[in-house]
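Q: Structure below; questions to follow.
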Amino acid sequence: MIEILSETPLATVQDLGRFGLLNQGVGTSGAMDPLALAAGNLLLGNEADAAAIEVQVFPFAVRFHEPCAFAVTGADCAARLQDQPVLPWWAGQAAAGDSLTLRRPEGGTWRGSRAYVCVAGGFAVPPVLGSRSTQLRGAFGGHEGRALRQGDRLAAGAPGTGNRPTGFGLVPPAFAMPLQREGCTAVRVLPAAEYERFTKAAHEALWSAEWKITPHSDRYGYRLAGPSLRPTAPIELRSHGIVPGVIQIPHGGQPIVQMRDAQPSGGYPKIGTVIEADLWRLGQAPIGSRIRFVACTWDEAVAAFEETERWAARVRRLAALHAERGT
Amino acid sequence: MPIAEAEQIAAWLAGTDIEFLELRSADGCLTLRRQGNDVAISREGAPAPQEAAREITVTAPSVGVFLHRHPLRDAPLVRPGDTVPAGQILGLLCIGPLLLPVAAPRAGTVARMWAAHEEVVGFGSPLVELLATEGTGDHGH
Amino acid sequence: MTLGEASTSLLGSTALLFEAPGETDLPTQQRIWVLAAEAETWPEVREAVPGINNLMIAFRRPPAKLDDILERLRSCWATVAPMPLHGRVIELPVTYGGPDGPHLPDVVAHTRLSIDDIVAIHSEPLYPVYALGSHPGYCYLGGMDPRIATPRRKVPVLSIPGGSVSIGGSQTGVSASAGPSGWNTIGRTSACFFDPVRDPPALLRPGDAIRFRVSEVIR
Amino acid sequence: MFRTVLIANRGEVALRIQRACRTLGLRTIAVHSTEDAEAPHVRHADAAFCIGPAPARRSYLDQTAILFATEVSGAEAIHPGYGFLSENAGFARRVEAAGLTFIGPASASIATMGDKIAARNAMREAGISCVPGSDGPLPDEAAAAMELALRIGYPVLIKATAGGGGRGMRVVAGPSDLAPALALTKEEARQAFGNDAVYLEKLLEHPRHVEIQVLADHHGHAVWLGSRDCSLQRRHQKVLEEAPAPGIDEGIIAEMGERCAAACRRTGYRGLGTFEFLVEDGRFYFIEMNTRLQVEHCVTEMITGIDLVQWQIRVAQGEKLDLAQRDIRCTGHAFESRINAEHPGTFAPSPGRVAAWDLPGGPGVRVDTHVSQGSVISRHYDSLIAKLVVHGSTRADTLARLQLALDEMRVGGIATNLDLHRAIVRDPDFVAGGVDIHHLERRLAEGGLR
């Protein structure tokens with residue numbers, strides 16, 4: 001059993017998402033940084049999509065009521081197991097009674113905003129409609145369909161001391177697959193249906209401006225601040241399916257990027273969509289930071305998707321090789 | 001040495017002419033002394049340490065790229081002069097996406113880094129020189 | 001009748017959007033449902049999601065080549081016949097106006113109709129379920145009288161309760177659970193629109209129909 | 001297409017592969033144990049990585065260590081050489097899974113050929129006959145084995161499915177010995193290989209060991225490159241090889257060669273491979289296929305003039321084999337003496353420092369070795385220190401060159417089997433050609449060849 005010690009809000013149980021139910025009105029949910037969640041699981045020998053806790057407000061602390069292997073990935077939050085530091089993107093072994101504390105991510109060489117606490121076997125919350133991720137709007141999935149609260153107790157799928165080594169880690173994908181433009185995190189974007197209905201100035205601004213992530217940004221969507229993007233004429237659309245990554249431009253002209261808890265349909269004009277392979281970069285971009293959009297082609301988007309797949313496959317393979325040799 | 005064993009020895013001793021027995025081991029010193037028909041048992045910690053430090057060269061457990069600092073951190077994991085407990089991570093070996101720890105085999109002071117940050121090393125390459133302080137146990141009498 | 005060409009556009013590398021030409025009407029929507037059922041059998045398609053006059057095709061993984069799937073969509077659209085209507089009719093009692101219909105005055109202001117007219121016009125038709133979306137169990141309904149069409153709100157409301165009946169543009173709908181909305185809430189009903197342990201979890205599916213029964217009007 | 005090859009081996013074969021890579025303009029990465037830090041394969045490589053301590057289990061056989069070195073070095077292909085991991089299907093599978101090129105056949109081919117029964121079945125389907133025997137693992141009932149053994153005719157051989165290289169075999173002379181021998185072999189196999197499946201085979205009394213070298217590409221082309229005779233063996237270890245196999249009708253060899261090449265095409269085999277046969281009374285019986293480069297590949301290189309290792313790498317790069325069967329001409333004769341650091345009487349390894357090292361020379365003489373004066377022969381690895389290969393126009397001429405070369409070669413500081421080789425090449429039966437696989441052991445037992 002793992003007990004939530006902190007009162008910090010907005011931590012949720014997530015996996016890689018719930019798919020195939022958009023036509024029931026059910027969005028995908030899932031980790032804002034799916035690479036970090038998958039990496040933490042792979043360090044522990046779990047399936048990549050095992051459930052973990054996504055932490056977005058710090059400090060955050062849990063107590064292990066039994067021995068359990070764990071991994072902390074995502075933002076560097078100076079984790080500590082009791083008084084021992086735990087390196088970022090690292091697997092460790094907790095003893096019964098140990099507490100794991102995550103602090104607010106600070107500078108360093110890469111600043112993330114969300115950390116993942118993974119445990120051996122994943123968190124054993126019941127799967128709902130094929131996933132263990134929390135569907136906040138539908139109030140199901142995850143732990144009782146809600147964010148975690150102090151005192152909540154979650155079971156690990158495979159607690160104990162196991163025979164798989166811990167005490168090793170991974171190079172974060174921000175280093176393995178860096179993407180920056182002029183010092184900002186960059187994300188690649190494919191133009192969407194209404195792209196051509198925006199002004200030339202809007203097009204230029206979209207690709208050249210720095211977009212600040214405003215405090216009104218969360219798992220549902222990121223509201224960005226920057227130049228106002230205007231259509232050449234008012235656009236009224238009929239509702240249609242949308243996916244995480246869609247950049248909508250409401251009347252005010254300030255973009256909203258749909259994120260993992262976004263509703264699966266919408267009707268605001270879409271200027272573009274952040275490609276799937278780069279959503280994790282956005283998921284880790286802290287409030288107040290600036291990002292840039294980079295135009296890309298379909299072939300580049302496919303290549304980027306395959307690159308992240310290869311990265312995960314390599315992590316899985318090398319972690320397994322290391323585990324096999326033991327420590 | 002477990003108490004049960006010490007008592008067993010004391011029982012044997014009681015049936016002999018031996019007045020005094022001192023057993024020394026890495027764990028400490030056990031003294032058995034006849035006092036009439038009884039045998040008194042006393043124990044001490046490990047013998048007083050040789051104060052001289054011992055040099056230990058920490059070597060690479062595998063092929064890899066030696067890192068002085070974690071990729072997410074600006075500061076090195078340790079610096080020469082740092083005192084470290086046994087098990088402390090002194091550096092990392094980067095193998096593709098993997099990071100394997102290079103840990104201090106015992107407590108001591110970091111004397112120098114043999115391998116540079118981001119140097120490619122092989123199994124057995126010297127990485128860190130540690131001055132291990134022996135006998136860090138209690139010195140009581 | 002359809003005028004002009006259907007269009008397709010990308011939703012990143014995750015999905016593509018097929019938009020049927022012409023006005024929103026039931027026959028077009030009936031063809032969208034058939035196209036959705038067909039597309040869901042294609043190996044690269046994770047899910048086909050009907051919208052209003054459109055269809056989103058979500059990929060299992062981004063296919064290396066798009067031309068093939070685009071061609072299949074076009075040729076399939078050219079041949080599909082409307083799906084016959086044989087859905088269920090669900091009757092929902094609605095309390096119009098008051099605290100549960102806070103934007104009814106905005107609809108009044110925009111349409112220049114009286115509350116009674118708006119309620120009468122809104123509760124008159126049999127609304128076919130065009131599509132599900134927005135949030136678990138939510139239905140987009142066709143068939144709203146254009147006289148009560150009211151644009152989406154400039155500033156979305158952070159949370160409206162489950163069961164809220166609302167108008168957004170030329171559409172009407174009922175929220176299945178509490179959450180934010182950019183539509184104009186004119187009343188409220190109660191029903192369990194979504195239950196994750198039910199199969200399928202949503203109460204309604206495209207092709208079903210809703211009738212709003214006026215249970216109370218608060219002026 | 002790969003540009004950098006990691007050579008997961010040591011000794012002469014690592015050097016041989018390095019040479020082939022160089023001729024193709026490829027970068028070479030060496031891996032080595034702490035013991036081999038000064039070895040020539042380390043010195044000559046473009047980059048070298050120490051992967052573990054001396055015992056091969058923790059270095060040359062440590063798959064994790066080798067794959068880690070591949071990651072760090074950026075190598076895109078792995079050449080396993082012979083021995084060590086060269087026929088480990090699991091290793092080949094891992095190399096493939098890593099998106100790297102395993103310079104050798106597909107892991108599935110290695111797995112099939114590594115399973116004796118599966119290999120026999122594959123060959124039978126390709127029209128290649130095997131030694132008569134059970135066509136699968138023996139059932140547990142002794143009665144069935146008895147009946148089968150009678151049908152095949154005694155003496156018979158019990159072999160572990162997972163065995164090889166002489167391990168997990170037992171000869172049964174008559175019916176009364178069968179049941180206990182079966183039980184014993186199964187128990188040994190279970191302990192040695194974790195698999196107690198055994199099969200039965202007719203024991204041939206005077207067979208020769210003849211093998212056919214093949215080379216296949218990824219495009220469905222396969223050729224065979226003549227025969228080799230490796231009958232001179234001690235404890236199933238080859239001592240001296242020659243090409244072509246003497247005294248066998250060329251037409252029969254050609255027919256077997258064609259069948260082997262056809263089997264490669266049929267099974268989608270690619271790379272170098274060797275079909276090993278027992279030959280008795282002019283009949284070929286398939287025993288196993290080696291899915292790798294072999295120690296004795298040099299004799300084939302000498303008679304065909306083809307750089308086999310270079311071709312092995314080229315087909316691994318996806319290159320089309322532009323050698324047609326008619327382009328392959330075998331000219332002359334070649335021998336290879338395996339010079340080992342071992343004690344003449346006991347055959348026990350003789351590790352130590354090489355104090356003197358004089359190599360022979362002259363026309364048609366080739367020495368593949370990693371040793372030089374001052375080298376230290378480790379007790380941790382096999383005792384092969386040099387391959388003395390000679391080529392000449394006829395078998396008699398070549399044998400004369402081999403005799404001379406062996407006489408010229410001087411090794412000091414360690415014991416070697418040079419004298420054994422000197423005696424073999426003067427043995428009348430060997431000089432006559434066509435001795436069987438028991439010849440060497442028989443002579444040694446008689447106290448000959450001293």
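We label chains A, B, ... in the order they appear in the structure tokens, count residues from 1 in each chain, and number ligands from 1 in the order shown.
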I'd like a table as a Markdown table: residues in chain D with an atom no more than 10 Å from chain B, each row giving the shortest atom pair and its distance in Å to one decimal, only C-alpha atoms counted, sorted by chain and rising residue number.
A:
| residue | atom | partner | partner_atom | distance |
| --- | --- | --- | --- | --- |
| D:Val31 | CA | B:Gly122 | CA | 9.3 |
| D:His32 | CA | B:Phe123 | CA | 9.4 |
| D:Ser33 | CA | B:Phe123 | CA | 8.3 |
| D:Thr34 | CA | B:Gly124 | CA | 7.6 |
| D:Ala48 | CA | B:Gly122 | CA | 8.6 |
| D:Phe49 | CA | B:Gly122 | CA | 5.3 |
| D:Cys50 | CA | B:Gly122 | CA | 4.7 |
| D:Ile51 | CA | B:Phe123 | CA | 5.0 |
| D:Gly52 | CA | B:Phe123 | CA | 5.4 |
| D:Pro53 | CA | B:Phe123 | CA | 7.8 |
| D:Ser59 | CA | B:Phe123 | CA | 9.5 |
| D:Thr64 | CA | B:Ser62 | CA | 9.5 |
| D:Ala65 | CA | B:Ser62 | CA | 6.9 |
| D:Ile66 | CA | B:Val63 | CA | 8.9 |
| D:Leu67 | CA | B:Ile95 | CA | 9.7 |
| D:Phe68 | CA | B:Ile95 | CA | 6.2 |
| D:Ala69 | CA | B:Val63 | CA | 5.9 |
| D:Thr70 | CA | B:Ile95 | CA | 9.3 |
| D:Glu71 | CA | B:Gly96 | CA | 5.5 |
| D:Val72 | CA | B:Ile95 | CA | 5.7 |
| D:Ser73 | CA | B:Gly64 | CA | 9.0 |
| D:Gly74 | CA | B:Gly96 | CA | 9.2 |
Q: I need the residue nearest Ala108 of chain D from this list: D:Tyr269, D:Phe84, D:Trp357, D:Tyr199. Use only C-alpha atoms for the distance.
A: D:Tyr269
Q: Would you return as a ChimeraX atom specification the members of segment 124-181 of chain A that DSSP assigns to alpha helix (DSSP H) on this structure's backbone?
A: /A:173-176
Q: Taking only C-alpha atoms into account and nothing else, which residues of chain B lie no more than 6 Å away from chain A? Please answer as a ChimeraX atom specification.
A: /B:72-74,97-100
